file protein.txt (compact mmCIF, C-alpha atoms)
# COMPACT_ATOMS: atom_id res chain seq x y z
CA MET A 600 3.82 -1.55 12.81
CA SER A 601 2.13 -4.24 10.86
CA ASP A 602 3.44 -7.73 10.34
CA LEU A 603 0.30 -8.67 8.45
CA LEU A 604 2.07 -8.50 5.12
CA GLU A 605 5.63 -9.21 4.10
CA ARG A 606 7.55 -6.35 5.67
CA LYS A 607 8.40 -3.82 2.99
CA VAL A 608 8.95 -0.11 3.01
CA GLY A 609 6.50 2.04 1.08
CA ILE A 610 8.01 4.87 -0.93
CA VAL A 611 5.78 7.76 -1.91
CA SER A 612 7.18 10.38 -4.29
CA CYS A 613 5.64 13.77 -5.02
CA SER A 614 6.40 13.32 -8.76
CA GLY A 615 6.00 17.10 -9.05
CA GLU A 616 5.86 17.70 -12.78
CA GLU A 617 6.40 21.44 -12.53
CA LEU A 618 9.92 21.33 -11.09
CA ALA A 619 13.18 19.57 -11.90
CA GLU A 620 13.35 18.60 -8.23
CA GLY A 621 10.06 16.72 -8.65
CA THR A 622 11.63 14.73 -11.47
CA VAL A 623 14.63 14.05 -9.21
CA ALA A 624 12.27 12.79 -6.50
CA ARG A 625 10.47 10.46 -8.90
CA LEU A 626 13.62 9.07 -10.54
CA ALA A 627 15.35 8.57 -7.18
CA ALA A 628 12.30 6.67 -5.90
CA LEU A 629 12.32 4.50 -9.04
CA LYS A 630 16.05 3.83 -8.68
CA VAL A 631 15.51 2.50 -5.17
CA LEU A 632 12.44 0.52 -6.21
CA ASN A 633 14.06 -0.96 -9.32
CA GLU A 634 17.75 -1.23 -8.55
CA LEU A 635 18.88 -0.53 -5.00
CA ARG A 636 16.19 -2.16 -2.83
CA PRO A 637 13.75 -3.88 -5.21
CA ARG A 638 12.74 -6.61 -2.79
CA ASP A 639 12.33 -4.36 0.19
CA THR A 640 10.18 -1.63 -1.30
CA VAL A 641 6.80 -0.93 -2.83
CA THR A 642 5.24 2.27 -4.06
CA ILE A 643 1.90 3.89 -4.62
CA CYS A 644 0.86 6.96 -6.58
CA LEU A 645 0.26 9.84 -4.17
CA PRO A 646 -3.11 10.90 -5.67
CA LEU A 647 -4.55 7.46 -4.95
CA PHE A 648 -4.84 8.35 -1.28
CA LEU A 649 -7.72 10.57 -2.37
CA ALA A 650 -8.86 9.09 -5.65
CA GLY A 651 -8.53 5.44 -4.65
CA GLY A 652 -10.33 3.30 -2.13
CA ALA A 653 -9.92 2.41 1.52
CA GLY A 654 -7.29 -0.21 0.65
CA ASP A 655 -5.13 2.46 -0.96
CA ARG A 656 -5.53 4.81 1.99
CA ALA A 657 -4.38 2.03 4.33
CA PHE A 658 -1.04 1.86 2.51
CA ALA A 659 1.04 3.77 5.08
CA LYS A 660 -0.62 1.89 7.93
CA LEU A 661 0.54 -1.41 6.48
CA HIS A 662 3.99 -0.31 5.42
CA PRO A 663 6.54 1.94 7.12
CA THR A 664 6.53 4.70 4.54
CA ILE A 665 9.23 7.11 3.40
CA THR A 666 8.21 10.14 1.39
CA VAL A 667 10.40 11.98 -1.07
CA ASP A 668 9.46 15.50 -2.09
CA GLY A 669 10.96 17.89 -4.58
CA CYS A 670 10.30 21.13 -2.73
CA ASP A 671 9.32 22.68 0.57
CA LEU A 672 5.61 22.22 -0.10
CA ARG A 673 6.19 18.58 0.90
CA CYS A 674 3.07 17.40 -0.90
CA ALA A 675 3.98 13.72 -0.50
CA ALA A 676 4.78 13.99 3.21
CA HIS A 677 1.72 16.06 4.08
CA GLY A 678 -0.60 14.11 1.78
CA THR A 679 0.55 10.76 3.16
CA GLU A 680 0.14 11.90 6.76
CA LYS A 681 -3.25 13.49 6.10
CA TYR A 682 -4.84 10.67 4.16
CA SER A 683 -2.97 7.49 5.14
CA SER A 684 -0.61 7.62 8.11
CA LYS A 685 2.45 9.50 9.36
CA PRO A 686 5.55 8.63 7.28
CA ALA A 687 8.43 6.93 9.04
CA ALA A 688 10.84 9.38 7.37
CA SER A 689 10.80 12.17 4.81
CA LEU A 690 13.28 13.54 2.31
CA VAL A 691 13.16 16.85 0.47
CA VAL A 692 15.33 17.06 -2.63
CA ASN A 693 16.11 20.77 -2.54
CA GLU A 694 17.17 20.48 1.12
CA LEU A 695 19.39 17.52 0.33
CA VAL A 696 20.92 19.35 -2.64
CA ALA A 697 21.79 22.29 -0.38
CA GLU A 698 23.08 20.03 2.39
CA CYS A 699 25.42 18.21 0.00
CA GLY A 700 26.54 21.37 -1.76
CA LEU A 701 25.28 20.17 -5.15
CA GLU A 702 24.34 22.39 -8.04
CA ARG A 703 20.65 23.03 -8.46
CA PRO A 704 19.03 20.50 -10.82
CA GLU A 705 17.52 21.80 -14.03
CA GLY A 706 15.36 20.27 -16.74
CA ARG A 707 12.10 18.95 -15.38
CA ARG A 708 11.70 16.71 -18.40
CA ARG A 709 15.31 15.79 -19.12
CA LEU A 710 17.57 16.40 -16.15
CA ASN A 711 20.94 18.04 -16.61
CA ALA A 712 24.12 16.57 -15.10
CA ALA A 713 23.42 18.25 -11.76
CA GLY A 714 19.97 16.68 -11.78
CA GLN A 715 21.40 13.23 -12.50
CA LYS A 716 23.83 13.67 -9.62
CA ALA A 717 20.97 14.72 -7.37
CA VAL A 718 19.10 11.51 -8.35
CA GLU A 719 22.11 9.43 -7.30
CA VAL A 720 22.52 11.21 -3.98
CA THR A 721 18.80 11.17 -3.19
CA ALA A 722 18.50 7.49 -4.08
CA GLU A 723 21.45 6.57 -1.85
CA ARG A 724 19.96 8.50 1.08
CA LEU A 725 16.59 6.92 0.44
CA ALA A 726 18.08 3.43 0.37
CA ALA A 727 19.80 4.10 3.70
CA LEU A 728 16.46 5.18 5.18
CA VAL A 729 14.88 1.98 3.86
CA ASP A 730 17.56 -0.04 5.64
CA GLN A 731 16.97 1.92 8.84
CA ALA A 732 13.22 1.40 8.65
CA LEU A 733 13.78 -2.34 8.28
CA GLY A 734 16.38 -2.41 11.04
CA LYS A 735 19.15 -3.51 8.70
CA GLU A 736 22.75 -2.47 8.36
CA ALA A 737 23.26 -0.16 5.39
CA GLY A 738 23.84 -2.12 2.19
CA THR A 739 22.65 -5.45 3.54
CA ALA A 740 19.10 -5.19 2.30
CA ARG A 741 17.79 -8.07 0.25
CA GLY A 742 17.54 -6.02 -2.89
CA SER A 743 21.18 -4.99 -3.07
CA GLU A 744 22.35 -8.56 -2.49
CA ALA A 745 19.89 -10.04 -4.91
CA ALA A 746 20.59 -7.54 -7.65
CA ALA A 747 24.18 -8.72 -7.97
CA HIS A 748 23.03 -12.29 -8.61
CA GLU A 749 20.21 -11.67 -11.04
CA PRO A 750 20.98 -12.26 -14.70
CA ASP A 751 19.74 -8.82 -15.72
CA GLY A 752 21.78 -7.12 -13.00
CA GLY A 753 18.72 -6.72 -10.82
CA GLN A 754 16.72 -4.42 -13.10
CA ARG A 755 13.08 -4.76 -12.16
CA GLU A 756 9.93 -2.79 -12.68
CA ALA A 757 8.74 -0.84 -9.66
CA THR A 758 6.20 -2.68 -7.55
CA CYS A 759 3.09 -0.56 -7.75
CA SER A 760 0.50 -0.96 -5.05
CA CYS A 761 -2.46 0.75 -6.66
CA GLY A 762 -5.49 -1.33 -5.81
CA SER A 763 -2.85 -2.45 -3.40
CA GLY A 764 -4.15 -5.86 -2.55
CA VAL A 765 -5.17 -4.75 0.91
CA PRO A 766 -8.54 -6.46 1.25
CA VAL A 767 -11.55 -4.28 1.97
CA THR A 768 -14.60 -5.89 3.61
CA LYS A 769 -18.05 -4.30 3.60
CA VAL A 770 -19.69 -4.75 6.96
CA SER A 771 -23.14 -3.74 8.14
CA ILE A 772 -22.90 -1.64 11.31
CA ASP A 773 -25.95 0.01 12.84
CA GLY A 774 -27.79 -0.37 9.55
CA GLN A 775 -25.05 1.27 7.53
CA THR A 776 -22.51 -0.34 5.20
CA VAL A 777 -18.98 0.38 6.37
CA GLU A 778 -15.69 -0.53 4.67
CA LEU A 779 -13.05 -2.09 6.91
CA VAL A 780 -9.56 -2.82 5.64
CA ALA A 781 -7.34 -5.84 6.26
CA LEU A 782 -9.92 -7.94 8.16
CA PRO A 783 -9.00 -11.31 6.59
CA LEU A 784 -5.30 -10.64 7.24
CA ILE A 785 -5.98 -9.77 10.87
CA PHE A 786 -8.25 -12.78 11.31
CA ARG A 787 -5.71 -15.13 9.74
CA GLN A 788 -2.96 -13.78 11.96
CA SER A 789 -5.10 -14.35 15.04
CA ARG A 790 -5.86 -17.94 13.99
CA GLU A 791 -2.19 -18.63 13.26
CA LYS A 792 -1.29 -17.43 16.73
CA GLY A 793 -3.71 -20.03 18.04
CA ARG A 794 -5.96 -17.38 19.53
CA GLY A 795 -9.50 -18.51 20.21
CA GLN A 796 -12.64 -16.43 20.58
CA ASP A 797 -12.50 -15.70 24.31
CA GLU A 798 -12.70 -12.19 25.79
CA GLY A 799 -8.94 -11.62 25.81
CA ALA A 800 -8.57 -12.71 22.19
CA ALA A 801 -11.56 -10.59 21.18
CA ARG A 802 -10.06 -7.52 22.86
CA GLU A 803 -6.70 -8.06 21.14
CA LEU A 804 -8.36 -8.65 17.79
CA PHE A 805 -10.42 -5.48 17.96
CA GLU A 806 -7.41 -3.40 19.04
CA THR A 807 -5.58 -4.63 15.93
CA VAL A 808 -8.56 -3.74 13.74
CA LYS A 809 -8.52 -0.23 15.22
CA ILE A 810 -4.89 0.27 14.14
CA TYR A 811 -5.90 0.01 10.51
CA ASN A 812 -9.39 1.48 10.59
CA ALA A 813 -10.88 4.68 11.95
CA VAL A 814 -13.45 3.63 14.57
CA PRO A 815 -15.68 6.44 15.87
CA ALA A 816 -15.60 6.45 19.68
CA GLU A 817 -19.38 6.65 19.95
CA ALA A 818 -19.83 3.58 17.74
CA GLU A 819 -17.04 1.44 19.17
CA GLY A 820 -19.43 -1.10 20.67
CA SER A 821 -21.22 -1.62 17.37
CA TYR A 822 -17.95 -1.91 15.46
CA ARG A 823 -16.63 -4.44 17.97
CA GLU A 824 -19.77 -6.51 17.68
CA ALA A 825 -19.59 -6.46 13.88
CA VAL A 826 -15.90 -7.37 13.79
CA LEU A 827 -16.41 -10.31 16.16
CA ARG A 828 -19.37 -11.46 14.08
CA GLU A 829 -17.17 -11.40 10.97
CA TYR A 830 -14.42 -13.21 12.85
CA ALA A 831 -16.78 -15.97 13.95
CA ALA A 832 -17.92 -16.41 10.36
CA PHE A 833 -14.28 -16.48 9.21
CA CYS A 834 -13.38 -19.17 11.77
CA GLU A 835 -16.40 -21.24 10.79
CA LYS A 836 -15.43 -21.05 7.13
CA GLU A 837 -11.85 -22.05 7.93
CA LYS A 838 -13.08 -25.09 9.87
CA GLN A 839 -15.15 -26.24 6.92
CA ALA A 840 -12.33 -25.73 4.42
CA MET B 1091 -11.68 36.29 -25.59
CA SER B 1092 -10.46 36.86 -22.04
CA PRO B 1093 -7.02 35.57 -20.97
CA SER B 1094 -8.61 33.15 -18.53
CA LYS B 1095 -10.47 31.52 -21.41
CA GLU B 1096 -7.34 31.27 -23.49
CA THR B 1097 -5.35 29.36 -20.89
CA VAL B 1098 -5.94 25.69 -20.30
CA VAL B 1099 -4.41 23.86 -17.37
CA VAL B 1100 -2.99 20.44 -18.11
CA VAL B 1101 -2.92 17.88 -15.31
CA PRO B 1102 -1.20 14.53 -15.90
CA CYS B 1103 -1.80 11.71 -13.47
CA SER B 1104 1.59 11.56 -11.65
CA GLY B 1105 1.60 7.79 -12.03
CA ILE B 1106 4.85 6.23 -10.88
CA GLY B 1107 4.28 2.50 -11.18
CA LYS B 1108 3.17 1.97 -14.77
CA SER B 1109 4.34 2.92 -18.26
CA PHE B 1110 0.98 4.50 -19.04
CA GLY B 1111 1.54 7.00 -16.23
CA THR B 1112 4.84 7.97 -17.79
CA VAL B 1113 3.08 8.41 -21.13
CA SER B 1114 0.61 10.78 -19.50
CA ARG B 1115 3.45 12.91 -18.12
CA GLU B 1116 5.37 12.90 -21.43
CA ALA B 1117 2.24 13.89 -23.33
CA ALA B 1118 1.66 16.77 -20.92
CA TYR B 1119 5.22 17.99 -21.45
CA ASP B 1120 4.82 17.68 -25.23
CA LEU B 1121 1.66 19.73 -25.06
CA CYS B 1122 2.84 22.39 -22.63
CA GLU B 1123 6.45 22.80 -23.73
CA GLU B 1124 6.32 22.21 -27.46
CA LEU B 1125 2.85 22.18 -29.00
CA ARG B 1126 0.88 24.83 -27.09
CA PRO B 1127 3.32 26.56 -24.71
CA GLU B 1128 1.48 29.88 -24.83
CA SER B 1129 -1.99 28.62 -24.07
CA THR B 1130 -1.38 25.83 -21.58
CA ARG B 1131 -0.15 25.63 -18.02
CA LEU B 1132 1.11 22.44 -16.41
CA VAL B 1133 -0.17 21.79 -12.88
CA ALA B 1134 1.35 19.10 -10.67
CA LEU B 1135 -1.32 16.78 -9.33
CA ALA B 1136 0.52 16.45 -6.01
CA LYS B 1137 -0.34 20.09 -5.30
CA LEU B 1138 -4.03 19.34 -5.71
CA VAL B 1139 -3.68 16.41 -3.32
CA LEU B 1140 -2.19 18.83 -0.81
CA GLY B 1141 -4.89 21.41 -1.55
CA GLU B 1142 -2.25 24.04 -2.35
CA PRO B 1143 -4.15 27.34 -2.83
CA GLY B 1144 -2.30 28.44 -5.98
CA ALA B 1145 -3.00 25.18 -7.78
CA ARG B 1146 -6.63 25.16 -6.66
CA GLU B 1147 -7.06 28.68 -7.94
CA LEU B 1148 -5.60 27.75 -11.31
CA VAL B 1149 -7.94 24.81 -11.82
CA ALA B 1150 -10.89 26.83 -10.55
CA LYS B 1151 -10.14 29.64 -12.98
CA HIS B 1152 -9.24 27.72 -16.13
CA PRO B 1153 -10.67 24.69 -17.92
CA ALA B 1154 -8.54 21.59 -17.44
CA VAL B 1155 -7.28 18.82 -19.66
CA THR B 1156 -6.61 15.74 -17.57
CA ILE B 1157 -4.46 12.88 -18.82
CA ASP B 1158 -4.72 9.66 -16.85
CA GLY B 1159 -2.61 6.53 -17.06
CA CYS B 1160 -4.95 4.05 -15.42
CA LYS B 1161 -8.59 3.40 -14.72
CA GLN B 1162 -8.41 5.10 -11.32
CA MET B 1163 -8.52 8.44 -13.22
CA CYS B 1164 -6.79 10.27 -10.37
CA ALA B 1165 -6.20 13.47 -12.34
CA ALA B 1166 -9.80 13.87 -13.45
CA LYS B 1167 -11.14 13.06 -9.99
CA MET B 1168 -8.76 15.45 -8.24
CA VAL B 1169 -9.50 18.35 -10.58
CA ARG B 1170 -13.22 17.93 -9.92
CA GLU B 1171 -12.68 17.59 -6.18
CA SER B 1172 -10.61 20.78 -6.30
CA GLY B 1173 -13.52 22.70 -7.78
CA GLY B 1174 -12.24 22.65 -11.35
CA THR B 1175 -13.89 21.93 -14.67
CA VAL B 1176 -12.57 19.05 -16.75
CA ALA B 1177 -12.89 20.21 -20.34
CA ARG B 1178 -11.17 17.15 -21.74
CA GLU B 1179 -10.67 13.91 -19.87
CA VAL B 1180 -8.15 11.74 -21.66
CA ALA B 1181 -7.28 8.15 -20.80
CA VAL B 1182 -3.95 6.96 -22.21
CA LEU B 1183 -5.39 3.49 -22.55
CA ASP B 1184 -8.10 4.74 -24.93
CA VAL B 1185 -5.49 6.33 -27.16
CA PHE B 1186 -3.35 3.18 -27.03
CA ARG B 1187 -6.34 1.09 -28.14
CA ARG B 1188 -6.37 3.11 -31.35
CA HIS B 1189 -2.59 2.87 -31.77
CA LYS B 1190 -1.76 -0.66 -30.71
CA ASP B 1191 1.53 -0.59 -32.58
CA LEU B 1192 2.74 1.97 -30.02
CA LYS B 1193 3.10 -0.20 -26.93
CA PRO B 1194 4.75 1.79 -24.14
CA GLU B 1195 7.43 0.13 -22.05
CA GLY B 1196 9.66 1.49 -19.32
CA ILE B 1197 8.78 3.79 -16.45
CA ALA B 1198 11.85 5.89 -15.65
CA GLU B 1199 12.47 6.13 -19.38
CA LEU B 1200 9.95 5.29 -22.06
CA ASN B 1201 10.78 3.24 -25.12
CA GLU B 1202 10.46 4.80 -28.57
CA ALA B 1203 6.90 3.51 -29.01
CA GLY B 1204 5.88 5.04 -25.69
CA ARG B 1205 7.31 8.42 -26.67
CA LYS B 1206 5.45 8.26 -29.98
CA LEU B 1207 2.22 7.37 -28.19
CA ALA B 1208 2.70 10.39 -25.93
CA ARG B 1209 3.26 12.60 -28.95
CA VAL B 1210 0.18 11.28 -30.75
CA LEU B 1211 -1.92 11.89 -27.65
CA ALA B 1212 -0.54 15.40 -27.22
CA GLU B 1213 -1.15 16.25 -30.88
CA GLU B 1214 -4.74 15.03 -30.64
CA VAL B 1215 -5.35 17.13 -27.55
CA ALA B 1216 -3.70 20.17 -29.17
CA ALA B 1217 -5.88 19.80 -32.25
CA SER B 1218 -9.01 19.42 -30.17
CA LEU B 1219 -8.09 22.55 -28.20
CA ASP B 1220 -7.94 24.41 -31.49
CA GLY B 1221 -11.37 23.09 -32.30
CA SER B 1222 -10.12 21.89 -35.66
CA GLY B 1223 -8.97 18.36 -35.00
CA GLN B 1224 -10.62 15.12 -34.11
CA THR B 1225 -12.05 14.84 -30.64
CA VAL B 1226 -9.91 12.68 -28.42
CA LYS B 1227 -11.82 9.46 -27.93
CA GLY B 1228 -12.84 9.05 -24.35
CA ALA B 1229 -12.71 12.79 -23.84
CA GLY B 1230 -15.69 14.99 -23.27
CA HIS B 1231 -16.80 18.49 -22.51
CA VAL B 1232 -18.41 19.19 -19.18
call {"tool": "encode", "arguments": {"input": "protein.txt", "output": "structure tokens"}}
result
Amino acid sequence: MSDLLERKVGIVSCSGEELAEGTVARLAALKVLNELRPRDTVTICLPLFLAGGAGDRAFAKLHPTITVDGCDLRCAAHGTEKYSSKPAASLVVNELVAECGLERPEGRRRLNAAGQKAVEVTAERLAALVDQALGKEAGTARGSEAAAHEPDGGQREATCSCGSGVPVTKVSIDGQTVELVALPLIFRQSREKGRGQDEGAARELFETVKIYNAVPAEAEGSYREAVLREYAAFCEKEKQA
Amino acid sequence: MSPSKETVVVVPCSGIGKSFGTVSREAAYDLCEELRPESTRLVALAKLVLGEPGARELVAKHPAVTIDGCKQMCAAKMVRESGGTVAREVAVLDVFRRHKDLKPEGIAELNEAGRKLARVLAEEVAASLDGSGQTVKGAGHV
């Protein structure tokens, strides 16, 4: 998994507007993002995997991602896996409700008491999965500690990653313009490790690029050449800076 | 008029990170639950992302009103990619520009101004569906 960015867990909710369980999924995700683990989590709107750009689609490659769905269709889990990358974990609200013996939530717009309880339970489970994904003991995540010391009790707005800040570089490969994500981050990481431009470093660099970008097998040589050309230009620019 | 022409599907953007996304969802609920419950049908955008056959059939069969909370216009794009026709494409930001006193705040729960903005948007869409009200600025017929 990436250490290119500050390590945070991505939470993707189905937000299903048609069902109360979709509202539970969305509100539980927001509770984790805003209150329980604000410093350890980021989110992105599910439709952006299709409607957004390459940077948005790279979201789950750059963050261990947990999906939370309202129903068995598992739109968030399947959509994330199909368009970004396989989630580290998945929750389904109606399964969790059954597992915990809760009443079925009602009120897709304004949840009833059972729905509010389901939000609490789902958020707690989600927070525990966040801790697991970050390799932390339950309840020791930065967000829960920080929240107690913040003047507003830790209430924050969810960190939205639309136009997620993942840089996208347009590169000319075999006469075609191709978008590659995260190149400057990968290049900077390589420089910071003190890696030069020898064959071993080049191989390692290109393998990292392939983690975040789909490289067609038949064009691998051309992609490698283009990436190394970009890296040389990056190093030159850094020297001059 | 055939039943398929009478029903309009309403697709809000499913935005989770911004107040404008919450406004889009609230406006869709206002429209589908209170203002035009008999002639509208809410469709969750997540289903279109998944390519769920029932949702795709609905948007293929009925004209859609899309309500988007940001410039990415996910709802409008997804309806078109799903083979649907966007009859009215509404951007919350366009409606807010005409009602700057109604600044939405809050995501899990909107403030009073945000709820009013959602209501204004929903009423404008409802009126335009009737063909008797003002056209929603930023909206168009395909």
call {"tool": "closest_atom_pairs", "arguments": {"input": "protein.txt", "of": "stretch 1144-1194 of chain B", "to": "stretch 642-654 of chain A", "cutoff": "9 Å", "atoms": "all atoms listed in the file", "output": "tab-separated table"}}
result
residue	atom	partner	partner_atom	distance
B:Gln1162	CA	A:Gly651	CA	6.7
B:Met1163	CA	A:Ala650	CA	7.6
B:Cys1164	CA	A:Ala650	CA	5.3
B:Ala1165	CA	A:Pro646	CA	7.8
B:Lys1167	CA	A:Ala650	CA	6.3
B:Met1168	CA	A:Ala650	CA	6.9
call {"tool": "residues_near_point", "arguments": {"input": "protein.txt", "point": "(-1.9, 20.8, -14.3)", "cutoff": "6 Å", "atoms": "all atoms listed in the file", "output": "ChimeraX atom specification"}}
result
/B:1099-1101,1132-1134
call {"tool": "closest_atom_pairs", "arguments": {"input": "protein.txt", "of": "chain A", "to": "chain B", "cutoff": "9 Å", "atoms": "all atoms listed in the file", "output": "Markdown table"}}
result
| residue | atom | partner | partner_atom | distance |
| --- | --- | --- | --- | --- |
| A:Ser612 | CA | B:Ile1106 | CA | 8.1 |
| A:Cys613 | CA | B:Ala1136 | CA | 5.9 |
| A:Ser614 | CA | B:Ser1104 | CA | 5.9 |
| A:Gly615 | CA | B:Ala1134 | CA | 5.3 |
| A:Glu616 | CA | B:Ala1134 | CA | 5.2 |
| A:Glu617 | CA | B:Ala1134 | CA | 5.9 |
| A:Leu618 | CA | B:Ala1134 | CA | 8.9 |
| A:Arg625 | CA | B:Ile1106 | CA | 7.3 |
| A:Leu626 | CA | B:Ala1198 | CA | 6.3 |
| A:Ala628 | CA | B:Ile1106 | CA | 9.0 |
| A:Leu629 | CA | B:Ala1198 | CA | 6.8 |
| A:Lys630 | CA | B:Ala1198 | CA | 8.4 |
| A:Thr642 | CA | B:Gly1107 | CA | 7.2 |
| A:Ile643 | CA | B:Gly1107 | CA | 7.1 |
| A:Cys644 | CA | B:Gly1105 | CA | 5.6 |
| A:Leu645 | CA | B:Ala1136 | CA | 6.9 |
| A:Pro646 | CA | B:Cys1164 | CA | 6.0 |
| A:Leu647 | CA | B:Cys1164 | CA | 6.5 |
| A:Phe648 | CA | B:Val1139 | CA | 8.4 |
| A:Leu649 | CA | B:Val1139 | CA | 7.2 |
| A:Ala650 | CA | B:Cys1164 | CA | 5.3 |
| A:Gly651 | CA | B:Gln1162 | CA | 6.7 |
| A:Leu672 | CA | B:Lys1137 | CA | 8.2 |
| A:Arg673 | CA | B:Leu1140 | CA | 8.6 |
| A:Cys674 | CA | B:Leu1140 | CA | 5.5 |
| A:Ala675 | CA | B:Ala1136 | CA | 7.1 |
| A:His677 | CA | B:Leu1140 | CA | 6.8 |
| A:Gly678 | CA | B:Leu1140 | CA | 5.6 |
| A:Lys681 | CA | B:Leu1140 | CA | 8.8 |
| A:Arg708 | CA | B:Tyr1119 | CA | 7.3 |
| A:Glu756 | CA | B:Ile1197 | CA | 7.7 |
| A:Ala757 | CA | B:Gly1107 | CA | 5.8 |
| A:Thr758 | CA | B:Gly1107 | CA | 6.6 |
| A:Cys759 | CA | B:Gly1107 | CA | 4.7 |
| A:Ser760 | CA | B:Gly1107 | CA | 8.0 |
| A:Cys761 | CA | B:Gly1107 | CA | 8.3 |
| A:Gly762 | CA | B:Gln1162 | CA | 9.0 |
call {"tool": "atom_distance", "arguments": {"input": "protein.txt", "atom1": "atom CA of B:Pro1143", "atom2": "atom CA of B:Ala1177"}}
result
20.8 Å
call {"tool": "residues_around", "arguments": {"input": "protein.txt", "residues": "stretch 1183-1186 of chain B", "least_positions_apart": "3", "cutoff": "12 Å", "atoms": "only C-alpha atoms", "output": "CSV table (one decimal) with C-alpha atoms, in the frame of the given file"}}
result
chain,number,residue,atom,x,y,z
B,1108,LYS,CA,3.2,2.0,-14.8
B,1109,SER,CA,4.3,2.9,-18.3
B,1110,PHE,CA,1.0,4.5,-19.0
B,1111,GLY,CA,1.5,7.0,-16.2
B,1113,VAL,CA,3.1,8.4,-21.1
B,1114,SER,CA,0.6,10.8,-19.5
B,1117,ALA,CA,2.2,13.9,-23.3
B,1157,ILE,CA,-4.5,12.9,-18.8
B,1158,ASP,CA,-4.7,9.7,-16.8
B,1159,GLY,CA,-2.6,6.5,-17.1
B,1160,CYS,CA,-5.0,4.0,-15.4
B,1161,LYS,CA,-8.6,3.4,-14.7
B,1162,GLN,CA,-8.4,5.1,-11.3
B,1163,MET,CA,-8.5,8.4,-13.2
B,1179,GLU,CA,-10.7,13.9,-19.9
B,1180,VAL,CA,-8.2,11.7,-21.7
B,1189,HIS,CA,-2.6,2.9,-31.8
B,1190,LYS,CA,-1.8,-0.7,-30.7
B,1191,ASP,CA,1.5,-0.6,-32.6
B,1192,LEU,CA,2.7,2.0,-30.0
B,1193,LYS,CA,3.1,-0.2,-26.9
B,1194,PRO,CA,4.8,1.8,-24.1
B,1203,ALA,CA,6.9,3.5,-29.0
B,1204,GLY,CA,5.9,5.0,-25.7
B,1205,ARG,CA,7.3,8.4,-26.7
B,1206,LYS,CA,5.4,8.3,-30.0
B,1207,LEU,CA,2.2,7.4,-28.2
B,1208,ALA,CA,2.7,10.4,-25.9
B,1209,ARG,CA,3.3,12.6,-29.0
B,1210,VAL,CA,0.2,11.3,-30.8
B,1211,LEU,CA,-1.9,11.9,-27.6
B,1212,ALA,CA,-0.5,15.4,-27.2
B,1213,GLU,CA,-1.2,16.2,-30.9
B,1214,GLU,CA,-4.7,15.0,-30.6
B,1215,VAL,CA,-5.4,17.1,-27.6
B,1225,THR,CA,-12.0,14.8,-30.6
B,1226,VAL,CA,-9.9,12.7,-28.4
B,1227,LYS,CA,-11.8,9.5,-27.9
B,1228,GLY,CA,-12.8,9.0,-24.4
B,1229,ALA,CA,-12.7,12.8,-23.8
call {"tool": "atom_distance", "arguments": {"input": "protein.txt", "atom1": "atom CA of B:Glu1124", "atom2": "atom CA of B:Ala1216"}}
result
10.4 Å
call {"tool": "residues_near_point", "arguments": {"input": "protein.txt", "point": "(-6.2, 24.9, -19.8)", "cutoff": "12 Å", "atoms": "only C-alpha atoms", "output": "JSON list (two decimals) with C-alpha atoms, keeping the file's coordinate frame"}}
result
[["chain", "number", "residue", "atom", "x", "y", "z"],
["B", 1093, "PRO", "CA", -7.02, 35.57, -20.97],
["B", 1094, "SER", "CA", -8.61, 33.15, -18.53],
["B", 1095, "LYS", "CA", -10.47, 31.52, -21.41],
["B", 1096, "GLU", "CA", -7.34, 31.27, -23.49],
["B", 1097, "THR", "CA", -5.35, 29.36, -20.89],
["B", 1098, "VAL", "CA", -5.94, 25.69, -20.30],
["B", 1099, "VAL", "CA", -4.41, 23.86, -17.37],
["B", 1100, "VAL", "CA", -2.99, 20.44, -18.11],
["B", 1101, "VAL", "CA", -2.92, 17.88, -15.31],
["B", 1118, "ALA", "CA", 1.66, 16.77, -20.92],
["B", 1121, "LEU", "CA", 1.66, 19.73, -25.06],
["B", 1122, "CYS", "CA", 2.84, 22.39, -22.63],
["B", 1126, "ARG", "CA", 0.88, 24.83, -27.09],
["B", 1127, "PRO", "CA", 3.32, 26.56, -24.71],
["B", 1128, "GLU", "CA", 1.48, 29.88, -24.83],
["B", 1129, "SER", "CA", -1.99, 28.62, -24.07],
["B", 1130, "THR", "CA", -1.38, 25.83, -21.58],
["B", 1131, "ARG", "CA", -0.15, 25.63, -18.02],
["B", 1132, "LEU", "CA", 1.11, 22.44, -16.41],
["B", 1133, "VAL", "CA", -0.17, 21.79, -12.88],
["B", 1148, "LEU", "CA", -5.60, 27.75, -11.31],
["B", 1149, "VAL", "CA", -7.94, 24.81, -11.82],
["B", 1150, "ALA", "CA", -10.89, 26.83, -10.55],
["B", 1151, "LYS", "CA", -10.14, 29.64, -12.98],
["B", 1152, "HIS", "CA", -9.24, 27.72, -16.13],
["B", 1153, "PRO", "CA", -10.67, 24.69, -17.92],
["B", 1154, "ALA", "CA", -8.54, 21.59, -17.44],
["B", 1155, "VAL", "CA", -7.28, 18.82, -19.66],
["B", 1156, "THR", "CA", -6.61, 15.74, -17.57],
["B", 1169, "VAL", "CA", -9.50, 18.35, -10.58],
["B", 1174, "GLY", "CA", -12.24, 22.65, -11.35],
["B", 1175, "THR", "CA", -13.89, 21.93, -14.67],
["B", 1176, "VAL", "CA", -12.57, 19.05, -16.75],
["B", 1177, "ALA", "CA", -12.89, 20.21, -20.34],
["B", 1178, "ARG", "CA", -11.17, 17.15, -21.74],
["B", 1179, "GLU", "CA", -10.67, 13.91, -19.87],
["B", 1215, "VAL", "CA", -5.35, 17.13, -27.55],
["B", 1216, "ALA", "CA", -3.70, 20.17, -29.17],
["B", 1219, "LEU", "CA", -8.09, 22.55, -28.20],
["B", 1220, "ASP", "CA", -7.94, 24.41, -31.49]]
